$ cat start_22.cif   # mmCIF, C-alpha atoms and all ligand atoms
data_data
loop_
_atom_site.group_PDB
_atom_site.id
_atom_site.type_symbol
_atom_site.label_atom_id
_atom_site.label_comp_id
_atom_site.auth_asym_id
_atom_site.auth_seq_id
_atom_site.Cartn_x
_atom_site.Cartn_y
_atom_site.Cartn_z
ATOM 1 C CA MET A 74 37.256 -15.726 -22.954
ATOM 2 C CA LYS A 75 38.121 -14.803 -26.543
ATOM 3 C CA GLN A 76 41.205 -15.148 -28.690
ATOM 4 C CA VAL A 77 41.522 -12.170 -31.000
ATOM 5 C CA LEU A 78 44.037 -10.758 -33.428
ATOM 6 C CA ALA A 79 43.835 -7.145 -32.341
ATOM 7 C CA THR A 80 45.035 -4.146 -34.338
ATOM 8 C CA VAL A 81 47.518 -1.914 -32.527
ATOM 9 C CA LEU A 82 46.327 1.708 -32.432
ATOM 10 C CA SER A 83 49.280 3.209 -30.582
ATOM 11 C CA ASN A 84 52.328 2.186 -28.579
ATOM 12 C CA GLN A 85 54.035 4.878 -26.535
ATOM 13 C CA GLU A 86 56.817 4.932 -23.961
ATOM 14 C CA ILE A 87 55.077 6.948 -21.244
ATOM 15 C CA MET A 88 57.747 6.518 -18.565
ATOM 16 C CA PRO A 89 61.324 5.289 -19.051
ATOM 17 C CA GLY A 90 61.077 1.609 -20.011
ATOM 18 C CA VAL A 91 57.293 1.530 -19.573
ATOM 19 C CA HIS A 92 54.900 1.403 -22.514
ATOM 20 C CA LEU A 93 51.203 2.007 -22.959
ATOM 21 C CA ILE A 94 49.809 0.013 -25.845
ATOM 22 C CA GLN A 95 46.300 0.535 -27.200
ATOM 23 C CA ALA A 96 44.558 -1.939 -29.435
ATOM 24 C CA GLU A 97 41.181 -2.533 -30.969
ATOM 25 C CA ALA A 98 39.562 -5.590 -29.374
ATOM 26 C CA PRO A 99 35.788 -5.080 -28.994
ATOM 27 C CA ASP A 100 35.126 -8.764 -28.265
ATOM 28 C CA ILE A 101 37.391 -8.511 -25.214
ATOM 29 C CA THR A 102 36.300 -5.069 -23.967
ATOM 30 C CA ALA A 103 32.691 -6.289 -23.953
ATOM 31 C CA GLU A 104 33.548 -8.813 -21.215
ATOM 32 C CA ALA A 105 36.462 -7.174 -19.376
ATOM 33 C CA ARG A 106 36.351 -6.400 -15.643
ATOM 34 C CA PRO A 107 38.994 -4.553 -13.568
ATOM 35 C CA GLY A 108 41.696 -6.893 -12.263
ATOM 36 C CA GLN A 109 41.344 -9.373 -15.104
ATOM 37 C CA PHE A 110 44.256 -9.980 -17.442
ATOM 38 C CA LEU A 111 45.134 -10.986 -20.989
ATOM 39 C CA MET A 112 47.627 -13.597 -22.158
ATOM 40 C CA VAL A 113 49.544 -11.952 -24.989
ATOM 41 C CA ARG A 114 51.416 -13.895 -27.640
ATOM 42 C CA CYS A 115 54.807 -12.229 -27.992
ATOM 43 C CA GLY A 116 57.202 -12.774 -30.893
ATOM 44 C CA GLN A 117 56.644 -13.844 -34.476
ATOM 45 C CA ASP A 118 55.655 -17.372 -35.504
ATOM 46 C CA TYR A 119 55.470 -18.871 -31.994
ATOM 47 C CA GLU A 120 59.003 -17.588 -31.231
ATOM 48 C CA PHE A 121 58.173 -17.740 -27.494
ATOM 49 C CA ILE A 122 56.144 -20.754 -26.494
ATOM 50 C CA LEU A 123 54.426 -19.144 -23.537
ATOM 51 C CA ARG A 124 52.123 -16.177 -23.783
ATOM 52 C CA ARG A 125 52.831 -13.329 -21.321
ATOM 53 C CA PRO A 126 50.180 -12.091 -18.824
ATOM 54 C CA PHE A 127 49.246 -8.408 -18.540
ATOM 55 C CA SER A 128 46.512 -6.726 -16.524
ATOM 56 C CA ILE A 129 43.822 -4.922 -18.434
ATOM 57 C CA HIS A 130 44.772 -1.291 -17.938
ATOM 58 C CA GLN A 131 41.675 0.196 -19.553
ATOM 59 C CA ALA A 132 38.775 -1.175 -21.566
ATOM 60 C CA ASN A 133 36.254 1.003 -23.306
ATOM 61 C CA THR A 134 33.100 -0.795 -24.379
ATOM 62 C CA GLU A 135 31.970 2.142 -26.550
ATOM 63 C CA THR A 136 35.136 2.362 -28.662
ATOM 64 C CA GLY A 137 36.151 -1.305 -28.330
ATOM 65 C CA GLN A 138 39.637 -0.151 -27.323
ATOM 66 C CA ILE A 139 41.763 -1.904 -24.758
ATOM 67 C CA SER A 140 45.075 -0.817 -23.267
ATOM 68 C CA LEU A 141 47.957 -2.499 -21.470
ATOM 69 C CA LEU A 142 50.678 -0.840 -19.428
ATOM 70 C CA PHE A 143 53.911 -2.797 -19.250
ATOM 71 C CA ALA A 144 57.515 -2.516 -18.140
ATOM 72 C CA ILE A 145 60.212 -3.860 -20.439
ATOM 73 C CA VAL A 146 61.878 -6.606 -18.400
ATOM 74 C CA GLY A 147 62.783 -9.332 -20.902
ATOM 75 C CA ARG A 148 62.372 -10.738 -24.395
ATOM 76 C CA GLY A 149 58.587 -10.750 -24.568
ATOM 77 C CA THR A 150 58.094 -7.201 -23.346
ATOM 78 C CA THR A 151 60.947 -5.969 -25.590
ATOM 79 C CA TRP A 152 59.126 -7.469 -28.581
ATOM 80 C CA LEU A 153 55.841 -5.916 -27.439
ATOM 81 C CA SER A 154 57.464 -2.494 -27.051
ATOM 82 C CA GLN A 155 58.454 -2.584 -30.735
ATOM 83 C CA LEU A 156 54.932 -3.062 -32.103
ATOM 84 C CA LYS A 157 53.768 -0.239 -34.355
ATOM 85 C CA LYS A 158 50.404 1.223 -35.318
ATOM 86 C CA ASN A 159 48.390 -1.246 -37.454
ATOM 87 C CA ASP A 160 50.507 -4.250 -36.384
ATOM 88 C CA LYS A 161 48.497 -7.225 -35.142
ATOM 89 C CA VAL A 162 48.768 -8.683 -31.654
ATOM 90 C CA ASP A 163 47.246 -11.985 -30.540
ATOM 91 C CA LEU A 164 45.317 -11.566 -27.262
ATOM 92 C CA LEU A 165 43.595 -14.195 -25.142
ATOM 93 C CA GLY A 166 41.145 -13.068 -22.478
ATOM 94 C CA PRO A 167 39.736 -11.646 -20.378
ATOM 95 C CA LEU A 168 41.079 -14.117 -17.817
ATOM 96 C CA GLY A 169 41.030 -14.405 -14.029
ATOM 97 C CA ASN A 170 38.585 -13.293 -11.374
ATOM 98 C CA GLY A 171 38.961 -9.505 -11.178
ATOM 99 C CA PHE A 172 38.496 -7.234 -8.161
ATOM 100 C CA SER A 173 35.161 -7.277 -6.371
ATOM 101 C CA LEU A 174 33.953 -3.946 -5.079
ATOM 102 C CA GLU A 175 31.852 -4.208 -1.921
ATOM 103 C CA PRO A 176 28.527 -2.434 -2.550
ATOM 104 C CA GLU A 177 28.535 -0.875 0.938
ATOM 105 C CA ALA A 178 32.160 0.349 0.705
ATOM 106 C CA LYS A 179 31.796 4.046 -0.116
ATOM 107 C CA ASN A 180 35.447 5.049 0.285
ATOM 108 C CA LEU A 181 37.898 3.042 -1.771
ATOM 109 C CA LEU A 182 41.647 3.223 -1.241
ATOM 110 C CA LEU A 183 43.896 2.107 -4.107
ATOM 111 C CA ILE A 184 47.588 1.453 -3.483
ATOM 112 C CA ALA A 185 49.942 1.192 -6.447
ATOM 113 C CA GLY A 186 53.651 0.449 -6.427
ATOM 114 C CA GLY A 187 55.289 1.359 -9.760
ATOM 115 C CA VAL A 188 53.731 -0.440 -12.743
ATOM 116 C CA GLY A 189 51.320 -1.966 -10.210
ATOM 117 C CA ILE A 190 49.105 0.958 -11.226
ATOM 118 C CA ALA A 191 48.202 -1.116 -14.324
ATOM 119 C CA PRO A 192 44.954 -2.772 -13.071
ATOM 120 C CA LEU A 193 43.972 0.097 -10.752
ATOM 121 C CA ILE A 194 43.098 2.750 -13.346
ATOM 122 C CA PHE A 195 40.276 0.630 -14.785
ATOM 123 C CA LEU A 196 39.144 -0.129 -11.219
ATOM 124 C CA SER A 197 39.150 3.555 -10.271
ATOM 125 C CA GLN A 198 36.967 4.341 -13.304
ATOM 126 C CA GLN A 199 34.496 1.620 -12.330
ATOM 127 C CA ALA A 200 34.351 2.739 -8.687
ATOM 128 C CA LEU A 201 33.799 6.390 -9.657
ATOM 129 C CA THR A 202 30.953 5.326 -11.958
ATOM 130 C CA GLN A 203 29.385 3.583 -8.946
ATOM 131 C CA GLY A 204 29.534 6.864 -6.987
ATOM 132 C CA LYS A 205 32.382 5.851 -4.671
ATOM 133 C CA SER A 206 35.085 8.202 -3.379
ATOM 134 C CA VAL A 207 38.434 6.984 -4.638
ATOM 135 C CA THR A 208 41.875 7.825 -3.291
ATOM 136 C CA LEU A 209 44.911 6.503 -5.101
ATOM 137 C CA LEU A 210 48.275 6.251 -3.360
ATOM 138 C CA LEU A 211 50.949 6.028 -6.006
ATOM 139 C CA GLY A 212 54.580 5.254 -5.295
ATOM 140 C CA ALA A 213 57.691 5.024 -7.458
ATOM 141 C CA PRO A 214 61.458 5.150 -6.949
ATOM 142 C CA THR A 215 61.817 8.566 -8.677
ATOM 143 C CA ALA A 216 59.586 11.292 -10.172
ATOM 144 C CA GLU A 217 60.266 10.173 -13.734
ATOM 145 C CA GLN A 218 58.998 6.660 -12.922
ATOM 146 C CA LEU A 219 55.614 7.976 -11.767
ATOM 147 C CA TYR A 220 52.529 7.227 -13.814
ATOM 148 C CA PRO A 221 51.537 10.471 -15.634
ATOM 149 C CA LYS A 222 48.970 12.563 -13.741
ATOM 150 C CA HIS A 223 46.941 13.391 -16.842
ATOM 151 C CA LEU A 224 46.086 9.683 -17.295
ATOM 152 C CA ILE A 225 44.575 9.333 -13.816
ATOM 153 C CA PRO A 226 40.755 9.314 -14.125
ATOM 154 C CA GLU A 227 39.167 12.649 -13.314
ATOM 155 C CA GLY A 228 37.603 12.553 -9.840
ATOM 156 C CA THR A 229 40.309 10.290 -8.368
ATOM 157 C CA ASN A 230 41.998 11.893 -5.396
ATOM 158 C CA TYR A 231 45.670 10.940 -5.524
ATOM 159 C CA LEU A 232 48.825 11.280 -3.480
ATOM 160 C CA ILE A 233 52.324 10.369 -4.520
ATOM 161 C CA THR A 234 55.509 9.189 -2.884
ATOM 162 C CA THR A 235 58.981 8.759 -4.322
ATOM 163 C CA GLU A 236 61.836 6.947 -2.669
ATOM 164 C CA ASP A 237 64.312 9.740 -3.478
ATOM 165 C CA GLY A 238 61.885 12.573 -2.646
ATOM 166 C CA SER A 239 61.979 13.982 -6.210
ATOM 167 C CA ALA A 240 58.156 14.262 -6.207
ATOM 168 C CA GLY A 241 55.471 14.066 -3.525
ATOM 169 C CA LYS A 242 56.342 12.775 -0.091
ATOM 170 C CA LYS A 243 59.719 11.074 0.328
ATOM 171 C CA GLY A 244 59.420 7.411 1.267
ATOM 172 C CA LEU A 245 57.387 4.342 0.411
ATOM 173 C CA VAL A 246 53.789 4.353 -0.729
ATOM 174 C CA THR A 247 52.752 2.259 2.281
ATOM 175 C CA ASP A 248 53.974 5.099 4.569
ATOM 176 C CA LEU A 249 50.790 6.992 3.576
ATOM 177 C CA LEU A 250 48.467 4.218 4.680
ATOM 178 C CA PRO A 251 47.996 5.329 8.333
ATOM 179 C CA GLU A 252 46.504 8.654 7.107
ATOM 180 C CA PHE A 253 43.719 6.808 5.257
ATOM 181 C CA ILE A 254 43.052 3.774 7.359
ATOM 182 C CA HIS A 255 40.124 5.367 9.195
ATOM 183 C CA TRP A 256 38.691 6.895 6.014
ATOM 184 C CA CYS A 257 38.574 3.847 3.767
ATOM 185 C CA HIS A 258 36.089 0.968 3.713
ATOM 186 C CA GLN A 259 37.956 -1.212 1.226
ATOM 187 C CA ILE A 260 41.509 -1.395 -0.141
ATOM 188 C CA CYS A 261 42.745 -2.730 -3.488
ATOM 189 C CA ALA A 262 46.445 -2.875 -4.206
ATOM 190 C CA CYS A 263 48.990 -3.976 -6.775
ATOM 191 C CA GLY A 264 52.749 -3.736 -6.608
ATOM 192 C CA PRO A 265 55.938 -5.607 -5.805
ATOM 193 C CA VAL A 266 55.813 -8.441 -3.271
ATOM 194 C CA ALA A 267 57.775 -6.305 -0.773
ATOM 195 C CA MET A 268 55.010 -3.686 -0.887
ATOM 196 C CA CYS A 269 52.330 -6.327 -0.280
ATOM 197 C CA GLN A 270 54.304 -7.742 2.632
ATOM 198 C CA ARG A 271 54.540 -4.271 4.181
ATOM 199 C CA LEU A 272 50.764 -3.983 3.822
ATOM 200 C CA GLN A 273 50.257 -7.262 5.580
ATOM 201 C CA ALA A 274 52.526 -6.156 8.417
ATOM 202 C CA GLN A 275 50.364 -3.077 9.133
ATOM 203 C CA LYS A 276 48.872 -3.721 12.566
ATOM 204 C CA GLN A 277 46.123 -1.075 12.092
ATOM 205 C CA LEU A 278 44.857 -2.912 9.007
ATOM 206 C CA GLN A 279 44.485 -6.093 10.990
ATOM 207 C CA LYS A 280 42.701 -4.246 13.822
ATOM 208 C CA LYS A 281 40.172 -2.602 11.510
ATOM 209 C CA LYS A 282 39.564 -5.911 9.668
ATOM 210 C CA LEU A 283 39.406 -4.116 6.330
ATOM 211 C CA PHE A 284 38.677 -6.013 3.136
ATOM 212 C CA VAL A 285 42.024 -5.819 1.305
ATOM 213 C CA GLN A 286 42.426 -7.338 -2.135
ATOM 214 C CA LEU A 287 45.528 -7.442 -4.257
ATOM 215 C CA SER A 288 46.626 -8.554 -7.664
ATOM 216 C CA LEU A 289 49.315 -11.204 -7.507
ATOM 217 C CA GLU A 290 51.617 -10.950 -10.516
ATOM 218 C CA VAL A 291 53.628 -14.149 -10.311
ATOM 219 C CA ARG A 292 55.048 -16.019 -13.301
ATOM 220 C CA LEU A 293 52.403 -17.935 -15.229
ATOM 221 C CA GLY A 294 52.568 -20.845 -17.674
ATOM 222 C CA CYS A 295 49.343 -21.422 -19.585
ATOM 223 C CA GLY A 296 47.277 -18.722 -17.852
ATOM 224 C CA ILE A 297 44.080 -20.771 -18.179
ATOM 225 C CA GLY A 298 44.193 -23.258 -15.308
ATOM 226 C CA ILE A 299 45.645 -26.268 -17.180
ATOM 227 C CA CYS A 300 49.366 -26.552 -16.383
ATOM 228 C CA TYR A 301 49.308 -26.000 -12.568
ATOM 229 C CA GLY A 302 52.470 -23.945 -13.032
ATOM 230 C CA CYS A 303 51.041 -21.163 -10.868
ATOM 231 C CA SER A 304 49.894 -23.267 -7.867
ATOM 232 C CA LEU A 305 49.974 -21.388 -4.604
ATOM 233 C CA GLU A 306 49.389 -22.623 -1.045
ATOM 234 C CA THR A 307 46.945 -20.305 0.683
ATOM 235 C CA ARG A 308 45.148 -20.348 4.033
ATOM 236 C CA HIS A 309 42.219 -21.866 2.112
ATOM 237 C CA GLY A 310 44.252 -24.622 0.448
ATOM 238 C CA GLN A 311 45.972 -24.792 -2.895
ATOM 239 C CA LYS A 312 44.903 -22.262 -5.527
ATOM 240 C CA GLN A 313 45.877 -21.472 -9.105
ATOM 241 C CA VAL A 314 46.871 -17.822 -9.482
ATOM 242 C CA CYS A 315 45.628 -17.660 -13.082
ATOM 243 C CA SER A 316 42.168 -19.127 -12.601
ATOM 244 C CA ASP A 317 41.372 -18.618 -8.871
ATOM 245 C CA GLY A 318 43.170 -15.222 -8.954
ATOM 246 C CA PRO A 319 45.055 -13.126 -9.771
ATOM 247 C CA ILE A 320 43.064 -11.157 -7.188
ATOM 248 C CA PHE A 321 43.386 -12.558 -3.674
ATOM 249 C CA GLU A 322 42.553 -11.327 -0.218
ATOM 250 C CA LEU A 323 45.702 -10.092 1.484
ATOM 251 C CA ASP A 324 45.148 -12.344 4.507
ATOM 252 C CA GLU A 325 44.754 -15.562 2.562
ATOM 253 C CA ILE A 326 48.234 -15.416 1.049
ATOM 254 C CA LEU A 327 51.124 -17.276 2.671
ATOM 255 C CA TRP A 328 53.892 -14.947 1.572
ATOM 256 C CA ASP A 329 56.704 -17.476 2.002
ATOM 257 C CA GLU A 330 54.983 -19.541 -0.719
ATOM 258 C CA VAL A 331 54.883 -16.747 -3.315
ATOM 259 C CA LYS A 332 57.456 -17.228 -6.058
ATOM 260 C CA ILE A 333 57.793 -14.554 -8.744
HETATM 261 C C1 LIG B 401 48.147 -11.654 -13.743
HETATM 262 C C2 LIG B 401 49.383 -10.893 -14.131
HETATM 263 C C3 LIG B 401 49.258 -9.586 -14.570
HETATM 264 C C4 LIG B 401 50.402 -8.877 -14.937
HETATM 265 N N1 LIG B 401 50.245 -7.575 -15.351
HETATM 266 C C5 LIG B 401 51.312 -6.866 -15.711
HETATM 267 C C6 LIG B 401 51.143 -5.523 -16.163
HETATM 268 O O1 LIG B 401 50.028 -5.020 -16.258
HETATM 269 N N2 LIG B 401 52.252 -4.839 -16.526
HETATM 270 C C7 LIG B 401 53.508 -5.401 -16.443
HETATM 271 O O2 LIG B 401 54.490 -4.715 -16.768
HETATM 272 N N3 LIG B 401 53.692 -6.674 -16.029
HETATM 273 C C8 LIG B 401 52.622 -7.415 -15.666
HETATM 274 N N4 LIG B 401 52.809 -8.703 -15.257
HETATM 275 C C9 LIG B 401 54.167 -9.267 -15.292
HETATM 276 C C10 LIG B 401 54.489 -9.652 -16.746
HETATM 277 O O3 LIG B 401 53.678 -10.748 -17.131
HETATM 278 C C11 LIG B 401 55.971 -10.026 -16.914
HETATM 279 O O4 LIG B 401 56.759 -8.891 -16.656
HETATM 280 C C12 LIG B 401 56.241 -10.515 -18.334
HETATM 281 O O5 LIG B 401 55.620 -11.755 -18.531
HETATM 282 C C13 LIG B 401 57.730 -10.646 -18.584
HETATM 283 O O6 LIG B 401 57.881 -11.148 -19.891
HETATM 284 P P1 LIG B 401 59.287 -11.066 -20.639
HETATM 285 O O7 LIG B 401 59.265 -12.074 -21.715
HETATM 286 O O8 LIG B 401 59.572 -9.664 -21.060
HETATM 287 O O9 LIG B 401 60.303 -11.408 -19.508
HETATM 288 P P2 LIG B 401 61.093 -12.803 -19.322
HETATM 289 O O10 LIG B 401 62.163 -12.859 -20.366
HETATM 290 O O11 LIG B 401 60.129 -13.929 -19.195
HETATM 291 O O12 LIG B 401 61.738 -12.510 -17.906
HETATM 292 C C14 LIG B 401 62.634 -11.382 -17.718
HETATM 293 C C15 LIG B 401 62.731 -11.032 -16.257
HETATM 294 O O13 LIG B 401 61.447 -10.620 -15.750
HETATM 295 C C16 LIG B 401 61.138 -11.400 -14.608
HETATM 296 N N5 LIG B 401 59.701 -11.685 -14.616
HETATM 297 C C17 LIG B 401 59.022 -12.465 -15.483
HETATM 298 N N6 LIG B 401 57.721 -12.561 -15.140
HETATM 299 C C18 LIG B 401 57.575 -11.792 -14.033
HETATM 300 C C19 LIG B 401 56.491 -11.480 -13.182
HETATM 301 N N7 LIG B 401 55.275 -12.007 -13.349
HETATM 302 N N8 LIG B 401 56.719 -10.633 -12.144
HETATM 303 C C20 LIG B 401 57.934 -10.133 -11.915
HETATM 304 N N9 LIG B 401 59.022 -10.405 -12.676
HETATM 305 C C21 LIG B 401 58.846 -11.223 -13.712
HETATM 306 C C22 LIG B 401 61.933 -12.674 -14.743
HETATM 307 O O14 LIG B 401 62.173 -13.271 -13.483
HETATM 308 C C23 LIG B 401 63.191 -12.182 -15.384
HETATM 309 O O15 LIG B 401 64.087 -11.652 -14.423
HETATM 310 C C24 LIG B 401 51.699 -9.461 -14.870
HETATM 311 C C25 LIG B 401 51.806 -10.789 -14.431
HETATM 312 C C26 LIG B 401 50.661 -11.478 -14.062
HETATM 313 C C27 LIG B 401 50.777 -12.884 -13.586
HETATM 314 S S1 LIG B 402 49.480 -20.803 -15.343
HETATM 315 FE FE1 LIG B 402 48.827 -22.794 -15.957
HETATM 316 S S2 LIG B 402 47.471 -23.324 -14.361
HETATM 317 FE FE2 LIG B 402 47.929 -21.249 -13.942
#

$ encode --input "start_22.cif" --output "C-alpha cells" --more "lines below"
Ligand SMILES: Cc1cc2nc3c(=O)[nH]c(=O)nc-3n(C[C@H](O)[C@H](O)[C@H](O)COP(=O)(O)OP(=O)(O)OC[C@H]3O[C@@H](n4cnc5c(N)ncnc54)[C@H](O)[C@@H]3O)c2cc1C
Ligand code: FES
Amino acid sequence: MKQVLATVLSNQEIMPGVHLIQAEAPDITAEARPGQFLMVRCGQDYEFILRRPFSIHQANTETGQISLLFAIVGRGTTWLSQLKKNDKVDLLGPLGNGFSLEPEAKNLLLIAGGVGIAPLIFLSQQALTQGKSVTLLLGAPTAEQLYPKHLIPEGTNYLITTEDGSAGKKGLVTDLLPEFIHWCHQICACGPVAMCQRLQAQKQLQKKKLFVQLSLEVRLGCGIGICYGCSLETRHGQKQVCSDGPIFELDEILWDEVKI
C-alpha cells in the first residue's frame, strides 16, 4: 500500500454524471490487481475527513497510469469531478483482496450493473492476457448510461441490456444469465445490491455450483481495517469489507446484513 500525490492527466464525463479520471501513479500501478480499490482524499485541506473508496478501473504498469470511473453522487465525487489536468490528487492503495481467477476456468463471465463496470475492465484485460474467453454482460437503465463500447478491451465478447430497451435487449442484465450459465466456468460481478440479490436467487447458478465472486461497494470509514465501520456478518463469521473484501463469494454474503 502506498500513499501518493498523483498528477491528474485527464478527467472526462464519459456518460451523464459519470467521470473517467486518469492519473500518474506508478508506485500504485506496480502493485495493483483487479478488484482492488483506492481511498481517495476528496476536498481541499482535509475538507472531508473520510477518504472515498473507488475501484481501480485500469492500471498500466508500463505507463504508470491509473484510472478511476465514478458516478457523481455527493460532495466527494462532485469535488473529484472538478479536478483538472495537472491538479494533484491524494491516493492511498492499492487496498483490498482483489478478484481471484481460477486457473482452470477457461470461460469467464463478467456481469456489470451500471458503474459496476468499474473493476471489471481491468479484470477482463487480465483474463484475456491469461488466454481466457471473456464475455461481459453490461446493463444500464438507458442507452446513454451505458459504458462506451470503444473502452471495452478488444477481445471481450459483450452483450448489453437496457431497462427501457433503448439499446441491446430490453430488461435487466441478469436476464441474460441463463444463456451463459452452461458456457461459463467462473463469474465475477459488480453492481447494485438488487442485482447481486437477483444473482443469488438464480436456481441454475446454485445447481451448477459455479464460483461466483462479487465486489461489495458498501460505505467505508477508514478503508484499511482499523475502524470496524465496514463489519459484515457472513456465513464464515464477521468480516471487514475493506480488508477481507471487497471481493466476496456470492454465497458467503448474508444479504439482510448488507448496509450501503
Ligand atoms: C470498495 C469500493 C469500491 C467502490 N468503487 C466505486 C467505483 O469504482 N465507482 C463509483 O462510482 N463508486 C464506487 N464506490 C462507491 C463510492 O465510494 C461512493 O459513491 C462515494 O464514496 C460517494 O462519495 P460522495 O462524497 O460523493 O457521496 P456522499 O456525500 O458520501 O454520499 C452521497 C450519497 O451517495 C450514497 N453513497 C455513499 N457511499 C456509497 C456507496 N458505497 N454505495 C452506494 N451509495 C453510496 C450515500 O448514501 C448518499 O446517498 C465504491 C465503494 C467501495 C466500498
Ligand atoms: S472501513 Fe474501517 S475497518 Fe473497514

$ residues_near_ligand --input "start_22.cif" --ligand "ligand LIG 402 (chain B)" --cutoff "8 Å" --atoms "all atoms listed in the file" --output "PyMOL selection string"
chain A and resi 292-304+313-316

$ closest_atom_pairs --input "start_22.cif" --of "chain A" --to "ligand LIG 401 (chain B)" --cutoff "8 Å" --atoms "all atoms listed in the file" --output "CSV"
residue,atom,partner,partner_atom,distance
A:Val91,CA,B:LIG401,O2,7.4
A:Gln109,CA,B:LIG401,C1,7.3
A:Phe110,CA,B:LIG401,C1,5.6
A:Leu111,CA,B:LIG401,C3,7.8
A:Cys115,CA,B:LIG401,O7,7.7
A:Arg124,CA,B:LIG401,O5,7.7
A:Arg125,CA,B:LIG401,O5,4.2
A:Pro126,CA,B:LIG401,O3,4.1
A:Phe127,CA,B:LIG401,N1,3.4
A:Ser128,CA,B:LIG401,O1,3.9
A:Ile129,CA,B:LIG401,O1,6.6
A:His130,CA,B:LIG401,O1,6.7
A:Leu141,CA,B:LIG401,O1,6.1
A:Leu142,CA,B:LIG401,N2,5.2
A:Phe143,CA,B:LIG401,O2,3.2
A:Ala144,CA,B:LIG401,O2,4.0
A:Ile145,CA,B:LIG401,O8,5.9
A:Val146,CA,B:LIG401,O8,4.7
A:Gly147,CA,B:LIG401,O8,3.2
A:Arg148,CA,B:LIG401,O7,4.3
A:Gly149,CA,B:LIG401,O7,3.2
A:Thr150,CA,B:LIG401,O8,3.7
A:Thr151,CA,B:LIG401,O8,6.0
A:Trp152,CA,B:LIG401,O8,7.8
A:Gly169,CA,B:LIG401,C1,7.6
A:Val188,CA,B:LIG401,O2,5.9
A:Gly189,CA,B:LIG401,O1,6.9
A:Ile190,CA,B:LIG401,O1,7.9
A:Ala191,CA,B:LIG401,O1,4.7
A:Pro192,CA,B:LIG401,O1,6.4
A:Pro265,CA,B:LIG401,C20,7.9
A:Ser288,CA,B:LIG401,C1,7.0
A:Leu289,CA,B:LIG401,C1,6.4
A:Glu290,CA,B:LIG401,C26,3.7
A:Val291,CA,B:LIG401,N7,4.1
A:Arg292,CA,B:LIG401,N7,4.0
A:Leu293,CA,B:LIG401,C27,5.6
A:Val314,CA,B:LIG401,C27,7.5
A:Cys315,CA,B:LIG401,C1,6.5
A:Gly318,CA,B:LIG401,C1,7.8
A:Pro319,CA,B:LIG401,C1,5.2
A:Ile333,CA,B:LIG401,N8,5.3

$ closest_residue --input "start_22.cif" --among "A:Thr247, A:Asp317, A:Asn159, A:Trp256" --to "Gln275 in chain A" --atoms "all atoms listed in the file"
A:Thr247

$ closest_residue --input "start_22.cif" --among "A:Ala200, A:Val266, A:Ile254, A:Leu93" --to "Leu278 in chain A" --atoms "all atoms listed in the file"
A:Ile254

$ atom_distance --input "start_22.cif" --atom1 "CA of Gln286 in chain A" --atom2 "CA of Ile326 in chain A"
10.4 Å

$ closest_residue --input "start_22.cif" --among "A:Ile194, A:Met74, A:Leu201, A:Ile184" --to "Arg271 in chain A" --atoms "only C-alpha atoms"
A:Ile184

$ axis_aligned_box --input "start_22.cif" --around "range 314-330 of chain A" --padding-each-side "8 Å" --output "AutoDock Vina command-line options"
--center_x 49.0 --center_y -14.8 --center_z -4.3 --size_x 31.3 --size_y 25.4 --size_z 33.6

$ atom_distance --input "start_22.cif" --atom1 "CA of Leu183 in chain A" --atom2 "CA of Asp329 in chain A"
24.2 Å

$ atom_distance --input "start_22.cif" --atom1 "CA of Phe253 in chain A" --atom2 "CA of Ala216 in chain A"
22.6 Å

$ resolve_selection --input "start_22.cif" --expression "the PyMOL selection byres (((chain A and resi 177) around 10) and not hetatm)" --output "PyMOL selection string"
chain A and resi 174-176+178-180+205+258-259

$ residues_near_point --input "start_22.cif" --point "(49.0, -18.6, 3.1)" --cutoff "8 Å" --atoms "only C-alpha atoms" --output "PyMOL selection string"
chain A and resi 306-309+324-330

$ write_last_selection --input "start_22.cif" --atoms "C-alpha atoms" --output "mmCIF file, in the coordinates of the input"
data_model
loop_
_atom_site.group_PDB
_atom_site.id
_atom_site.type_symbol
_atom_site.label_atom_id
_atom_site.label_comp_id
_atom_site.auth_asym_id
_atom_site.auth_seq_id
_atom_site.Cartn_x
_atom_site.Cartn_y
_atom_site.Cartn_z
ATOM 1 C CA GLU A 306 49.389 -22.623 -1.045
ATOM 2 C CA THR A 307 46.945 -20.305 0.683
ATOM 3 C CA ARG A 308 45.148 -20.348 4.033
ATOM 4 C CA HIS A 309 42.219 -21.866 2.112
ATOM 5 C CA ASP A 324 45.148 -12.344 4.507
ATOM 6 C CA GLU A 325 44.754 -15.562 2.562
ATOM 7 C CA ILE A 326 48.234 -15.416 1.049
ATOM 8 C CA LEU A 327 51.124 -17.276 2.671
ATOM 9 C CA TRP A 328 53.892 -14.947 1.572
ATOM 10 C CA ASP A 329 56.704 -17.476 2.002
ATOM 11 C CA GLU A 330 54.983 -19.541 -0.719
#
